[in-house]
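K.L.:
Before anything else, here's the structure in question.
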2 protein chains.
Amino acid sequence: MQGTVMQSIQQVASVTFRYPIFFTRDLFASENPLLGEVIAAGRDTGVPSKAIFVVDHGLLEQNHGLLDSIEAYARLHSTSFNLVCPPLVVEGGEQVKNDPANVASVHRGIHEFGIDRHAYVVAVGGGAVIDMVGYAAATAHRGVRLIRVPTTVLSQNDSGVGVKNSVNAFGKKNFLGTFAPPYAVINDFTFLTTLSDRDWRSGISEAIKVALLKDSDFFTFIEEHAHELNARDMTAMEWLVYRCAQLHLEHISTSGDPFEFGSSRPLDFGHWAAHKLEQLTNYSLRHGEAVAIGIALDSTYAHLLDLLPEDHWRRILHVITAVALPVYVPELSRDLAERVDSRSVLSGLNEFREHLGGQLTIMLLERIGQGVEVHEMDEDLISKSITLLKDFQANDREANIHGGVAWPRTSAAVPLPSAS
Amino acid sequence: MQGTVMQSIQQVASVTFRYPIFFTRDLFASENPLLGEVIAAGRDTGVPSKAIFVVDHGLLEQNHGLLDSIEAYARLHSTSFNLVCPPLVVEGGEQVKNDPANVASVHRGIHEFGIDRHAYVVAVGGGAVIDMVGYAAATAHRGVRLIRVPTTVLSQNDSGVGVKNSVNAFGKKNFLGTFAPPYAVINDFTFLTTLSDRDWRSGISEAIKVALLKDSDFFTFIEEHAHELNARDMTAMEWLVYRCAQLHLEHISTSGDPFEFGSSRPLDFGHWAAHKLEQLTNYSLRHGEAVAIGIALDSTYAHLLDLLPEDHWRRILHVITAVALPVYVPELSRDLAERVDSRSVLSGLNEFREHLGGQLTIMLLERIGQGVEVHEMDEDLISKSITLLKDFQANDREANIHGGVAWPRTSAAVPLPSAS
């Protein structure tokens with residue numbers, strides 16, 4: 001029998017993940033029972049569960065009393081959970097994913113305070129902090145319970161509701177990470193009121209993206225409410241966050257590949273260029289801004305390929321600029337002639353392929369609401385698309401200086417559906 | 001609506017994992033096509049897949065030509081995979097899980113040689129190396145493909161076929177880790193012939209364990225072939241490895257909780273004391289030896305509790321000693337009076353609970369082939385059990401000096417079922 005297979009066993013095992021996503025306001029107000037109830041419901045012993053909080057430093061400037069509120073809330077809900085130490089404050093933004101000391105400090109807290117697989121790490125902050133804390137929580141004891149409290153538009157409607165976590169390593173974005181669903185997600189809309197205009201807008205691009213792939217009515221909603229969104233109308237924004245999160249979650253549960261064993265990642269529409277642009281701008285470009293440009297680029301490419309009709313393409317560029325997101329930055333044109341140069345956006349195609357693995361698979365659009373996958377992209381056509389976007393952005397700025405684009409403004413309120 | 005849940009979404013997503021476990025001999029012999037075929041079958045592009053190998057240094061002493069064989073095999077199978085660098089050699093044994101530099105070096109290899117989610121890390125070695133490489137592979141790009149080639153009895157029949165990986169941190173065994181199924185497992189029986197007697201025997205305790213929990217016929221097989229197993233009969237050992245792996249895999253796929261969200265971990269029978277004893281002996285005790293003692297302890301406890309009949313209990317202690325595994329070490333008695341002392345084995349109960357999370361859940365036996373879970377253990381009864389084991393081991397040694405225990409020896413060959 002030398003040199004052959006003597007026997008084999010084919011193993012098959014299924015795992016079902018369940019987690020709730022709550023939408024609330026003023027999560028840490030004394031009268032809001034939600035967080036206490038979520039933790040109490042998960043108790044399997046008679047004693048309060050242990051919890052440690054990790055808070056994004058970027059929040060504290062606009063939310064002076066946040067740490068005190070968390071501690072006061074914990075005292076009030078001491079029958080459901082025990083805050084085992086003061087909240088750990090970490091820096092916000094992408095930098096928190098670059099320094100391995102941050103993951104180590106969350107691991108140390110889990111170790112020192114005896115957080116077990118049924119105890120809690122509560123992450124409060126933007127997408128980068130949620131990603132980093134999620135990676136630490138997922139790898140300690142093979143996963144302790146993570147409650148995500150995302151505080152930006154982007155993290156509430158996109159990254160914060162999904163099943164991934166990550167940190168950066170070797171200069172590569174998200175090089176380290178796992179697939180690990182959270183225990184619960186709590187989207188507190190009140191945090192959105194304290195965002196800078198830039199962070200407010202940045203999250204809108206993921207909503208545009210998912211609308212373009214999945215739901216043309218939602219795209220029309222964004223078009224019709226671009227003015228309110230720009231004016232920081234909370235009713236429009238709450239609906240945008242809710243609907244975007246819902247579409248994202250539907251995709252994860254129905255795609256058939258939530259842990260991405262295949263080469264296809266439909267929700268990464270516009271992301272190959274976006275990831276590269278973030279890196280080329282040393283992360284001075286926000287993820288959402290980079291995604292807006294990535295969407296504009298791949299939509300333009302699809303249009304030049306005769307895939308996406310012209311009127312659809314124009315609506316896409318207009319909605320991006322209407323919510324004051326960019327469609328172009330100079331880094332997009334850098335070293336375009338030198339295609340193998342890692343300073344060119346074109347090198348992002350191969351880096352994207354490497355991160356996903358297997359065959360290059362890029363999502364394009366055939367119309368608003370309907371994506372289509374391709375397995376190659378023509379570099380000349382990408383260059384042409386970039387030139388077109390550069391011109392568009394220049395003209396659009398001109399248009400804005402001379403009175404701006406006239407967008408329909410509807411005054412219809414868009415309330416969330418009532419709680420089930 | 002302040003202070004209430006405005007809306008919630010209940011997310012549900014399922015993931016199905018499939019992976020094959022092959023049993024072979026002489027995996028890296030030029031005439032064995034298995035590994036090349038496994039990799040070729042997973043290709044989704046026309047080019048050979050990239051692979052890096054990580055090899056347990058402990059193997060090289062008994063397998064001088066192993067690294068050369070791997071390189072020669074790769075040259076022969078260059079149409080299916082491309083060995084992107086010479087095999088990375090790491091130290092063997094538990095120490096490989098203590099030094100974070102090992103995980104970092106596997107990560108660096110994955111980064112430098114562009115191993116993506118569809119490319120391969122092949123881990124060749126004992127359970128500790130498989131655990132460490134598995135953790136590194138599972139966390140790079142959220143999981144690259146891991147092919148495990150376990151080389152010890154213990155890793156071939158137990159840890160190497162399951163869905164966990166880990167390294168140690170903060171002095172805690174397996175503090176860091178994830179649940180991540182391998183891409184494939186290849187058990188090469190030839191490696192078993194080069195094991196030390198101690199390593200050969202150590203893996204038998206996990207087979208005894210799973211037999212006690214799941215299959216009394218398999219337990220009888222081990223009893224009847226104890227002599228052959230001691231005499232390093234390969235036919236008996238191959239069946240033991242195959243059947244143990246099969247029962248382990250069946251448990252994972254049918255337990256309903258492969259990622260252990262609950263507090264129950266049935267396959268950890270005997271492990272609360274085993275983990276602690278490994279630590280108390282500074283890992284001079286092998287995992288399998290510690291498990292043998294843990295099985296003896298919890299079986300004795302179950303017997304003193306009037307749960308396990310006396311004849312079953314005696315058969316268990318006898319089969320452990322018949323395969324020359326220990327039922328007692330002096331560390332088991334250390335500081336028993338000081339129960340809160342972390343130097344006492346009793347502190348292992350709480351550490352076990354903490355690692356699993358939630359309520360203490362310990363598997364005991366009500367008969368051979370049938371486990372039963374309890375949620376508390378009486379410390380006086382544990383102490384009594386330890387005293388009993390100390391006496392048993394002393395008497396057994398005496399018995400062995402005066403001619404040994406008479407075990408039935410069957411000569412029936414036990415071939416593996418033929419390959420399907």
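Following the order of the structure tokens, chains are lettered A, B, ..., residues in each are numbered from 1, and ligands are numbered from 1.
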Would you write out chain A as a short mmCIF file (atom, residue, chain, number, x, y, z; two decimals) with C-alpha atoms, in the first residue's frame, after superposing it on chain B by least squares over all in-order Cα pairs?
P.N.:
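Saved the output as result.cif:
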```cif
data_model
loop_
_atom_site.label_atom_id
_atom_site.label_comp_id
_atom_site.auth_asym_id
_atom_site.auth_seq_id
_atom_site.Cartn_x
_atom_site.Cartn_y
_atom_site.Cartn_z
CA MET A 1 -37.99 57.52 21.42
CA GLN A 2 -35.05 58.51 23.57
CA GLY A 3 -33.72 55.66 25.62
CA THR A 4 -35.39 52.82 23.83
CA VAL A 5 -34.69 50.40 21.04
CA MET A 6 -35.95 52.03 17.86
CA GLN A 7 -35.46 48.97 15.73
CA SER A 8 -33.51 45.74 15.67
CA ILE A 9 -32.39 43.20 13.12
CA GLN A 10 -31.69 39.57 14.03
CA GLN A 11 -28.85 38.32 11.88
CA VAL A 12 -28.52 34.59 11.12
CA ALA A 13 -25.79 33.15 8.94
CA SER A 14 -24.52 29.62 8.44
CA VAL A 15 -21.13 28.45 7.33
CA THR A 16 -20.41 24.90 6.22
CA PHE A 17 -16.85 23.62 6.41
CA ARG A 18 -15.62 20.63 4.42
CA TYR A 19 -12.17 19.10 4.64
CA PRO A 20 -10.70 15.69 3.91
CA ILE A 21 -8.50 13.61 6.20
CA PHE A 22 -6.20 11.22 4.31
CA PHE A 23 -4.29 8.28 5.75
CA THR A 24 -1.17 7.34 3.85
CA ARG A 25 2.45 6.20 4.15
CA ASP A 26 5.63 7.82 2.85
CA LEU A 27 3.95 11.07 1.90
CA PHE A 28 7.08 12.67 0.46
CA ALA A 29 8.23 9.58 -1.48
CA SER A 30 8.45 10.43 -5.17
CA GLU A 31 5.89 7.77 -6.06
CA ASN A 32 3.21 9.10 -3.69
CA PRO A 33 0.99 11.48 -5.69
CA LEU A 34 -1.32 12.43 -2.80
CA LEU A 35 -0.05 15.86 -1.74
CA GLY A 36 0.42 17.03 -5.32
CA GLU A 37 -3.11 15.90 -6.15
CA VAL A 38 -4.66 17.57 -3.10
CA ILE A 39 -3.13 20.90 -4.08
CA ALA A 40 -3.84 20.52 -7.80
CA ALA A 41 -7.51 19.83 -7.05
CA GLY A 42 -7.85 23.16 -5.26
CA ARG A 43 -6.45 25.30 -8.07
CA ASP A 44 -8.76 27.88 -9.56
CA THR A 45 -6.27 29.37 -11.98
CA GLY A 46 -4.00 27.76 -14.55
CA VAL A 47 -0.80 28.35 -12.62
CA PRO A 48 0.72 26.25 -9.84
CA SER A 49 -0.33 27.32 -6.33
CA LYS A 50 2.20 28.87 -3.99
CA ALA A 51 3.12 26.91 -0.89
CA ILE A 52 5.36 27.35 2.11
CA PHE A 53 6.27 24.48 4.44
CA VAL A 54 6.89 24.75 8.17
CA VAL A 55 8.68 21.73 9.64
CA ASP A 56 9.09 20.62 13.26
CA HIS A 57 12.80 20.53 14.13
CA GLY A 58 12.14 17.55 16.38
CA LEU A 59 11.46 15.46 13.28
CA LEU A 60 14.80 16.01 11.63
CA GLU A 61 16.87 13.88 13.97
CA GLN A 62 14.93 10.74 13.07
CA ASN A 63 14.19 11.82 9.50
CA HIS A 64 17.54 13.14 8.27
CA GLY A 65 16.55 13.56 4.67
CA LEU A 66 13.14 15.12 5.28
CA LEU A 67 13.90 18.65 4.09
CA ASP A 68 15.59 17.29 0.95
CA SER A 69 12.64 14.97 0.34
CA ILE A 70 10.21 17.86 0.56
CA GLU A 71 12.24 19.93 -1.89
CA ALA A 72 12.62 16.98 -4.27
CA TYR A 73 8.90 16.24 -4.02
CA ALA A 74 8.11 19.88 -4.82
CA ARG A 75 10.35 19.79 -7.91
CA LEU A 76 8.58 16.64 -9.09
CA HIS A 77 5.13 18.21 -8.55
CA SER A 78 5.97 21.68 -9.81
CA THR A 79 2.92 21.73 -12.05
CA SER A 80 0.65 21.61 -9.02
CA PHE A 81 2.57 23.71 -6.52
CA ASN A 82 5.47 26.06 -6.26
CA LEU A 83 7.61 25.80 -3.13
CA VAL A 84 8.29 29.52 -2.78
CA CYS A 85 11.09 29.16 -0.22
CA PRO A 86 13.00 26.42 1.59
CA PRO A 87 11.01 24.83 4.42
CA LEU A 88 10.96 26.98 7.55
CA VAL A 89 12.20 24.90 10.49
CA VAL A 90 10.78 25.69 13.95
CA GLU A 91 11.50 24.10 17.30
CA GLY A 92 9.22 21.28 18.35
CA GLY A 93 7.22 20.69 21.50
CA GLU A 94 5.24 23.07 23.69
CA GLN A 95 8.02 25.68 23.63
CA VAL A 96 7.11 26.57 20.04
CA LYS A 97 3.76 27.85 21.37
CA ASN A 98 5.38 30.02 24.04
CA ASP A 99 7.56 32.21 21.84
CA PRO A 100 5.55 34.74 19.77
CA ALA A 101 8.48 35.02 17.35
CA ASN A 102 7.36 31.74 15.79
CA VAL A 103 3.93 33.02 14.80
CA ALA A 104 5.58 36.21 13.56
CA SER A 105 7.99 34.27 11.35
CA VAL A 106 5.16 32.31 9.71
CA HIS A 107 3.28 35.58 9.17
CA ARG A 108 6.41 37.08 7.64
CA GLY A 109 6.74 34.15 5.24
CA ILE A 110 3.10 34.53 4.20
CA HIS A 111 3.69 38.25 3.63
CA GLU A 112 7.04 38.04 1.84
CA PHE A 113 6.17 35.21 -0.49
CA GLY A 114 2.68 36.45 -1.29
CA ILE A 115 0.72 33.50 0.12
CA ASP A 116 -2.92 34.45 -0.44
CA ARG A 117 -6.22 32.95 0.73
CA HIS A 118 -6.04 30.33 -2.01
CA ALA A 119 -2.37 29.45 -1.45
CA TYR A 120 -0.94 27.00 1.07
CA VAL A 121 0.86 26.71 4.33
CA VAL A 122 1.84 23.08 4.96
CA ALA A 123 2.62 22.28 8.60
CA VAL A 124 4.64 19.11 9.22
CA GLY A 125 5.14 18.13 12.84
CA GLY A 126 3.75 17.32 16.25
CA GLY A 127 0.66 18.82 17.81
CA ALA A 128 2.37 21.92 19.18
CA VAL A 129 3.83 22.89 15.80
CA ILE A 130 0.49 22.19 14.09
CA ASP A 131 -1.28 24.38 16.67
CA MET A 132 1.17 27.27 16.26
CA VAL A 133 1.29 27.19 12.46
CA GLY A 134 -2.49 26.83 12.38
CA TYR A 135 -2.89 30.00 14.42
CA ALA A 136 -0.56 31.92 12.12
CA ALA A 137 -2.27 30.61 8.98
CA ALA A 138 -5.76 31.32 10.34
CA THR A 139 -4.97 34.94 11.17
CA ALA A 140 -3.11 35.96 7.98
CA HIS A 141 -5.50 37.39 5.36
CA ARG A 142 -8.28 36.06 7.67
CA GLY A 143 -7.13 32.54 6.86
CA VAL A 144 -4.88 31.05 4.19
CA ARG A 145 -5.20 27.37 3.28
CA LEU A 146 -3.61 25.11 5.87
CA ILE A 147 -2.60 21.54 5.10
CA ARG A 148 -1.73 19.72 8.30
CA VAL A 149 0.72 16.81 8.20
CA PRO A 150 0.69 15.70 11.83
CA THR A 151 3.51 13.34 12.70
CA THR A 152 2.70 12.03 16.17
CA VAL A 153 0.03 9.64 17.39
CA LEU A 154 -1.55 12.44 19.41
CA SER A 155 -1.74 14.92 16.56
CA GLN A 156 -2.87 12.33 14.00
CA ASN A 157 -5.74 11.00 16.06
CA ASP A 158 -6.81 14.09 17.95
CA SER A 159 -5.63 17.69 17.74
CA GLY A 160 -4.53 17.53 14.11
CA VAL A 161 -7.94 16.55 12.74
CA GLY A 162 -10.05 19.13 14.60
CA VAL A 163 -10.97 22.77 14.12
CA LYS A 164 -8.82 24.55 16.69
CA ASN A 165 -5.44 26.20 16.76
CA SER A 166 -3.59 28.06 19.48
CA VAL A 167 -0.49 29.44 21.09
CA ASN A 168 0.22 30.20 24.73
CA ALA A 169 0.35 33.70 26.23
CA PHE A 170 0.54 35.26 29.70
CA GLY A 171 1.62 31.84 30.97
CA LYS A 172 -1.77 30.41 29.96
CA LYS A 173 -1.93 27.41 27.67
CA ASN A 174 -3.87 28.12 24.47
CA PHE A 175 -4.74 31.67 25.58
CA LEU A 176 -4.59 32.81 21.95
CA GLY A 177 -6.27 30.86 19.20
CA THR A 178 -9.16 30.59 16.78
CA PHE A 179 -11.60 28.04 15.45
CA ALA A 180 -10.50 27.46 11.87
CA PRO A 181 -10.89 24.19 9.98
CA PRO A 182 -7.87 23.09 7.94
CA TYR A 183 -7.98 22.83 4.16
CA ALA A 184 -6.89 19.18 4.43
CA VAL A 185 -5.21 16.81 6.88
CA ILE A 186 -2.76 14.12 5.76
CA ASN A 187 -1.85 11.49 8.33
CA ASP A 188 1.36 9.78 7.22
CA PHE A 189 1.74 6.63 9.35
CA THR A 190 5.42 6.28 8.45
CA PHE A 191 6.29 9.15 10.79
CA LEU A 192 4.94 7.12 13.72
CA THR A 193 7.71 4.52 13.30
CA THR A 194 10.30 7.16 14.17
CA LEU A 195 8.68 8.34 17.41
CA SER A 196 10.25 7.79 20.82
CA ASP A 197 8.41 5.22 22.94
CA ARG A 198 7.13 8.06 25.07
CA ASP A 199 5.58 9.92 22.15
CA TRP A 200 4.22 6.68 20.72
CA ARG A 201 2.39 5.91 23.95
CA SER A 202 1.28 9.45 24.66
CA GLY A 203 -1.19 9.54 21.84
CA ILE A 204 -2.95 6.43 23.06
CA SER A 205 -4.57 8.29 25.94
CA GLU A 206 -6.77 10.38 23.60
CA ALA A 207 -7.93 7.14 22.00
CA ILE A 208 -8.78 5.72 25.43
CA LYS A 209 -10.62 8.96 26.20
CA VAL A 210 -12.77 8.99 23.08
CA ALA A 211 -13.46 5.26 23.44
CA LEU A 212 -14.64 5.82 27.02
CA LEU A 213 -16.99 8.57 25.88
CA LYS A 214 -18.28 7.14 22.64
CA ASP A 215 -17.49 3.53 21.83
CA SER A 216 -17.08 0.64 24.27
CA ASP A 217 -16.08 -1.70 21.41
CA PHE A 218 -13.16 0.54 20.64
CA PHE A 219 -12.22 0.46 24.32
CA THR A 220 -12.26 -3.33 24.20
CA PHE A 221 -10.03 -3.19 21.11
CA ILE A 222 -7.48 -1.10 23.03
CA GLU A 223 -7.61 -3.54 25.98
CA GLU A 224 -7.13 -6.52 23.70
CA HIS A 225 -4.29 -4.95 21.75
CA ALA A 226 -2.46 -3.28 24.62
CA HIS A 227 0.38 -5.74 24.21
CA GLU A 228 0.76 -5.09 20.47
CA LEU A 229 0.52 -1.36 21.03
CA ASN A 230 3.27 -1.60 23.62
CA ALA A 231 5.34 -3.68 21.22
CA ARG A 232 4.91 -0.95 18.58
CA ASP A 233 2.83 -3.05 16.25
CA MET A 234 1.93 -0.78 13.33
CA THR A 235 -1.26 -2.59 12.33
CA ALA A 236 -2.81 -2.08 15.76
CA MET A 237 -1.60 1.51 15.93
CA GLU A 238 -2.91 2.41 12.48
CA TRP A 239 -6.36 1.18 13.41
CA LEU A 240 -6.20 3.03 16.73
CA VAL A 241 -5.30 6.30 14.98
CA TYR A 242 -7.94 5.85 12.29
CA ARG A 243 -10.78 4.98 14.65
CA CYS A 244 -9.89 7.69 17.16
CA ALA A 245 -9.74 10.34 14.41
CA GLN A 246 -13.06 9.11 13.02
CA LEU A 247 -14.80 9.33 16.41
CA HIS A 248 -13.32 12.77 17.00
CA LEU A 249 -14.53 14.01 13.60
CA GLU A 250 -17.98 12.51 14.11
CA HIS A 251 -18.23 14.36 17.37
CA ILE A 252 -17.32 17.71 15.77
CA SER A 253 -19.83 17.32 12.95
CA THR A 254 -22.73 16.05 15.07
CA SER A 255 -22.28 17.87 18.38
CA GLY A 256 -24.19 20.91 17.16
CA ASP A 257 -21.56 23.22 18.62
CA PRO A 258 -18.29 22.81 16.71
CA PHE A 259 -17.14 26.29 17.73
CA GLU A 260 -18.03 25.72 21.37
CA PHE A 261 -20.34 28.63 22.06
CA GLY A 262 -21.80 26.68 24.97
CA SER A 263 -20.02 25.78 28.21
CA SER A 264 -19.85 22.10 27.41
CA ARG A 265 -16.80 20.48 25.87
CA PRO A 266 -17.36 16.74 26.05
CA LEU A 267 -14.07 15.78 24.40
CA ASP A 268 -12.20 17.50 27.21
CA PHE A 269 -12.88 14.56 29.52
CA GLY A 270 -9.93 14.34 31.92
CA HIS A 271 -8.49 17.60 30.64
CA TRP A 272 -9.05 20.01 33.52
CA ALA A 273 -6.44 18.21 35.59
CA ALA A 274 -4.31 17.40 32.54
CA HIS A 275 -3.84 21.04 31.52
CA LYS A 276 -2.92 21.97 35.07
CA LEU A 277 -0.48 19.07 35.45
CA GLU A 278 1.33 20.04 32.27
CA GLN A 279 1.81 23.49 33.72
CA LEU A 280 2.78 22.21 37.19
CA THR A 281 5.44 19.97 35.66
CA ASN A 282 6.73 22.74 33.39
CA TYR A 283 5.62 20.61 30.47
CA SER A 284 8.04 17.81 31.35
CA LEU A 285 4.87 15.71 31.36
CA ARG A 286 3.65 15.09 27.80
CA HIS A 287 0.07 16.16 27.04
CA GLY A 288 -0.91 12.53 26.50
CA GLU A 289 0.64 11.46 29.79
CA ALA A 290 -1.20 14.25 31.57
CA VAL A 291 -4.45 13.22 29.91
CA ALA A 292 -3.93 9.62 31.05
CA ILE A 293 -3.66 10.88 34.62
CA GLY A 294 -6.66 13.17 34.12
CA ILE A 295 -8.74 10.25 32.84
CA ALA A 296 -7.65 8.11 35.77
CA LEU A 297 -8.51 10.92 38.20
CA ASP A 298 -11.98 11.69 36.86
CA SER A 299 -12.80 7.98 36.46
CA THR A 300 -11.78 7.35 40.06
CA TYR A 301 -13.81 10.35 41.16
CA ALA A 302 -16.83 9.04 39.23
CA HIS A 303 -16.39 5.66 40.86
CA LEU A 304 -16.16 7.14 44.38
CA LEU A 305 -19.30 9.15 43.53
CA ASP A 306 -21.05 5.79 42.87
CA LEU A 307 -21.52 6.83 39.27
CA LEU A 308 -19.07 4.47 37.56
CA PRO A 309 -19.25 0.74 38.47
CA GLU A 310 -16.14 -0.73 40.07
CA ASP A 311 -15.36 -3.20 37.27
CA HIS A 312 -15.48 -0.41 34.68
CA TRP A 313 -13.21 1.74 36.82
CA ARG A 314 -10.70 -1.09 37.22
CA ARG A 315 -10.65 -1.77 33.48
CA ILE A 316 -9.86 1.90 32.86
CA LEU A 317 -6.93 2.03 35.27
CA HIS A 318 -5.62 -1.25 33.93
CA VAL A 319 -5.72 -0.27 30.29
CA ILE A 320 -3.85 2.95 31.07
CA THR A 321 -1.09 1.12 32.86
CA ALA A 322 -1.10 -1.69 30.30
CA VAL A 323 0.00 0.77 27.61
CA ALA A 324 2.62 2.06 30.04
CA LEU A 325 0.96 5.39 30.68
CA PRO A 326 0.95 6.89 34.19
CA VAL A 327 -2.08 7.29 36.45
CA TYR A 328 -0.24 9.46 38.96
CA VAL A 329 2.63 11.93 39.35
CA PRO A 330 3.72 13.57 42.62
CA GLU A 331 2.56 17.01 41.36
CA LEU A 332 -0.98 15.69 41.65
CA SER A 333 -0.67 15.72 45.44
CA ARG A 334 1.08 19.07 45.73
CA ASP A 335 -0.49 21.69 48.00
CA LEU A 336 -3.77 19.82 48.03
CA ALA A 337 -4.59 21.35 51.39
CA GLU A 338 -4.13 24.87 49.98
CA ARG A 339 -6.98 24.86 47.56
CA VAL A 340 -6.76 28.40 46.41
CA ASP A 341 -3.06 28.00 45.73
CA SER A 342 -2.40 28.07 42.00
CA ARG A 343 0.23 25.36 42.58
CA SER A 344 -2.50 22.87 43.49
CA VAL A 345 -4.13 20.79 40.79
CA LEU A 346 -7.48 21.92 42.22
CA SER A 347 -6.91 25.41 40.83
CA GLY A 348 -7.09 23.74 37.41
CA LEU A 349 -10.86 23.45 37.84
CA ASN A 350 -11.33 27.21 37.82
CA GLU A 351 -8.79 27.77 35.05
CA PHE A 352 -10.68 25.22 32.95
CA ARG A 353 -13.96 26.99 33.66
CA GLU A 354 -12.42 30.31 32.73
CA HIS A 355 -11.08 29.04 29.42
CA LEU A 356 -14.44 27.57 28.44
CA GLY A 357 -16.46 30.39 29.94
CA GLY A 358 -19.80 30.28 31.70
CA GLN A 359 -20.77 27.57 34.08
CA LEU A 360 -18.29 24.88 35.15
CA THR A 361 -19.06 21.80 33.08
CA ILE A 362 -17.08 18.61 33.65
CA MET A 363 -17.52 15.35 31.78
CA LEU A 364 -17.55 12.22 33.95
CA LEU A 365 -18.37 8.59 33.09
CA GLU A 366 -21.32 6.47 34.07
CA ARG A 367 -19.95 3.46 32.24
CA ILE A 368 -17.37 2.65 29.57
CA GLY A 369 -18.72 4.22 26.39
CA GLN A 370 -21.04 6.70 28.10
CA GLY A 371 -20.19 10.09 29.57
CA VAL A 372 -22.31 12.35 31.73
CA GLU A 373 -21.80 16.03 32.56
CA VAL A 374 -21.70 17.54 36.03
CA HIS A 375 -21.44 21.17 37.10
CA GLU A 376 -19.53 20.82 40.34
CA MET A 377 -16.81 18.67 41.80
CA ASP A 378 -16.24 17.93 45.45
CA GLU A 379 -12.71 18.82 46.47
CA ASP A 380 -12.55 16.25 49.28
CA LEU A 381 -13.54 13.53 46.85
CA ILE A 382 -10.89 14.72 44.40
CA SER A 383 -8.31 14.47 47.19
CA LYS A 384 -9.47 10.95 48.02
CA SER A 385 -9.26 9.99 44.36
CA ILE A 386 -5.69 11.27 44.20
CA THR A 387 -4.67 9.21 47.23
CA LEU A 388 -6.22 6.14 45.67
CA LEU A 389 -4.30 6.70 42.42
CA LYS A 390 -1.04 7.18 44.27
CA ASP A 391 -1.52 3.78 45.92
CA PHE A 392 -2.61 2.16 42.67
CA GLN A 393 0.45 3.37 40.80
CA ALA A 394 2.76 2.12 43.56
CA ASN A 395 1.09 -1.31 43.60
CA ASP A 396 1.00 -1.52 39.85
CA ARG A 397 4.71 -0.80 39.61
CA GLU A 398 5.21 -3.55 42.19
CA ALA A 399 3.07 -5.88 40.09
CA ASN A 400 5.08 -5.05 37.00
CA ILE A 401 8.36 -5.71 38.77
CA HIS A 402 7.02 -9.13 39.73
CA GLY A 403 6.08 -10.16 36.25
CA GLY A 404 3.71 -7.48 35.08
CA VAL A 405 0.01 -7.49 34.54
CA ALA A 406 -1.20 -10.39 32.44
CA TRP A 407 -2.99 -8.91 29.47
CA PRO A 408 -4.83 -10.96 26.91
CA ARG A 409 -2.95 -10.86 23.66
CA THR A 410 -4.88 -11.35 20.49
CA SER A 411 -3.05 -11.94 17.28
CA ALA A 412 -5.90 -10.90 15.02
CA ALA A 413 -4.71 -8.34 12.53
CA VAL A 414 -6.88 -5.23 12.37
CA PRO A 415 -6.50 -3.81 8.90
CA LEU A 416 -7.88 -0.44 7.97
CA PRO A 417 -10.99 -0.58 5.84
CA SER A 418 -10.01 -0.20 2.20
CA ALA A 419 -9.98 3.26 0.67
CA SER A 420 -13.33 4.44 -0.54
#
```
K.L.:
Can you list every residue in range 188-362 of chain A that DSSP puts in helix (DSSP H, G or I), as a ChimeraX atom specification?
P.N.:
/A:189-194,197-202,204-214,216-224,226-230,234-254,266-268,271-280,287-304,310-322,330-333,347-356
K.L.:
What residues in range 123-370 of chain A get the DSSP label strand (DSSP E)? Please answer as a short mmCIF file (atom, residue, chain, number, x, y, z; two decimals) with C-alpha atoms, in the first residue's frame.
P.N.:
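Output (result.cif):
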```cif
data_model
loop_
_atom_site.label_atom_id
_atom_site.label_comp_id
_atom_site.auth_asym_id
_atom_site.auth_seq_id
_atom_site.Cartn_x
_atom_site.Cartn_y
_atom_site.Cartn_z
CA ALA A 123 -15.84 48.26 21.80
CA VAL A 124 -17.03 51.86 21.48
CA GLY A 125 -15.69 53.82 18.53
CA ARG A 145 -18.07 37.88 23.47
CA LEU A 146 -17.75 41.15 21.58
CA ILE A 147 -20.39 43.86 21.75
CA ARG A 148 -19.74 46.48 19.11
CA VAL A 149 -20.92 50.06 19.66
CA PRO A 150 -19.90 51.69 16.39
CA LYS A 164 -14.79 40.53 9.94
CA ASN A 165 -12.09 42.08 12.07
CA SER A 166 -8.53 43.06 11.32
CA VAL A 167 -5.37 44.97 11.99
CA ASN A 168 -2.62 46.03 9.61
CA ALA A 169 0.82 44.40 9.40
CA LYS A 172 -0.60 45.83 4.38
CA LYS A 173 -4.08 46.91 5.34
CA ASN A 174 -6.02 44.16 7.14
CA PHE A 175 -3.16 41.66 6.76
CA LEU A 176 -4.13 40.09 10.09
CA GLY A 177 -7.71 39.28 10.93
CA THR A 178 -10.37 36.63 11.33
CA PHE A 179 -13.99 36.00 10.46
CA ALA A 184 -24.31 41.92 19.45
CA VAL A 185 -24.10 45.28 17.67
CA ILE A 186 -25.66 48.43 19.12
CA ASN A 187 -25.91 51.41 16.79
CA ASP A 188 -26.41 54.54 18.88
CA ILE A 362 -13.94 42.57 -9.71
CA MET A 363 -17.52 43.72 -9.31
CA LEU A 364 -18.75 46.18 -11.93
CA LEU A 365 -22.24 47.55 -12.64
CA GLU A 366 -24.56 46.90 -15.54
CA ARG A 367 -27.18 49.25 -14.16
CA GLN A 370 -27.35 45.35 -10.47
#
```
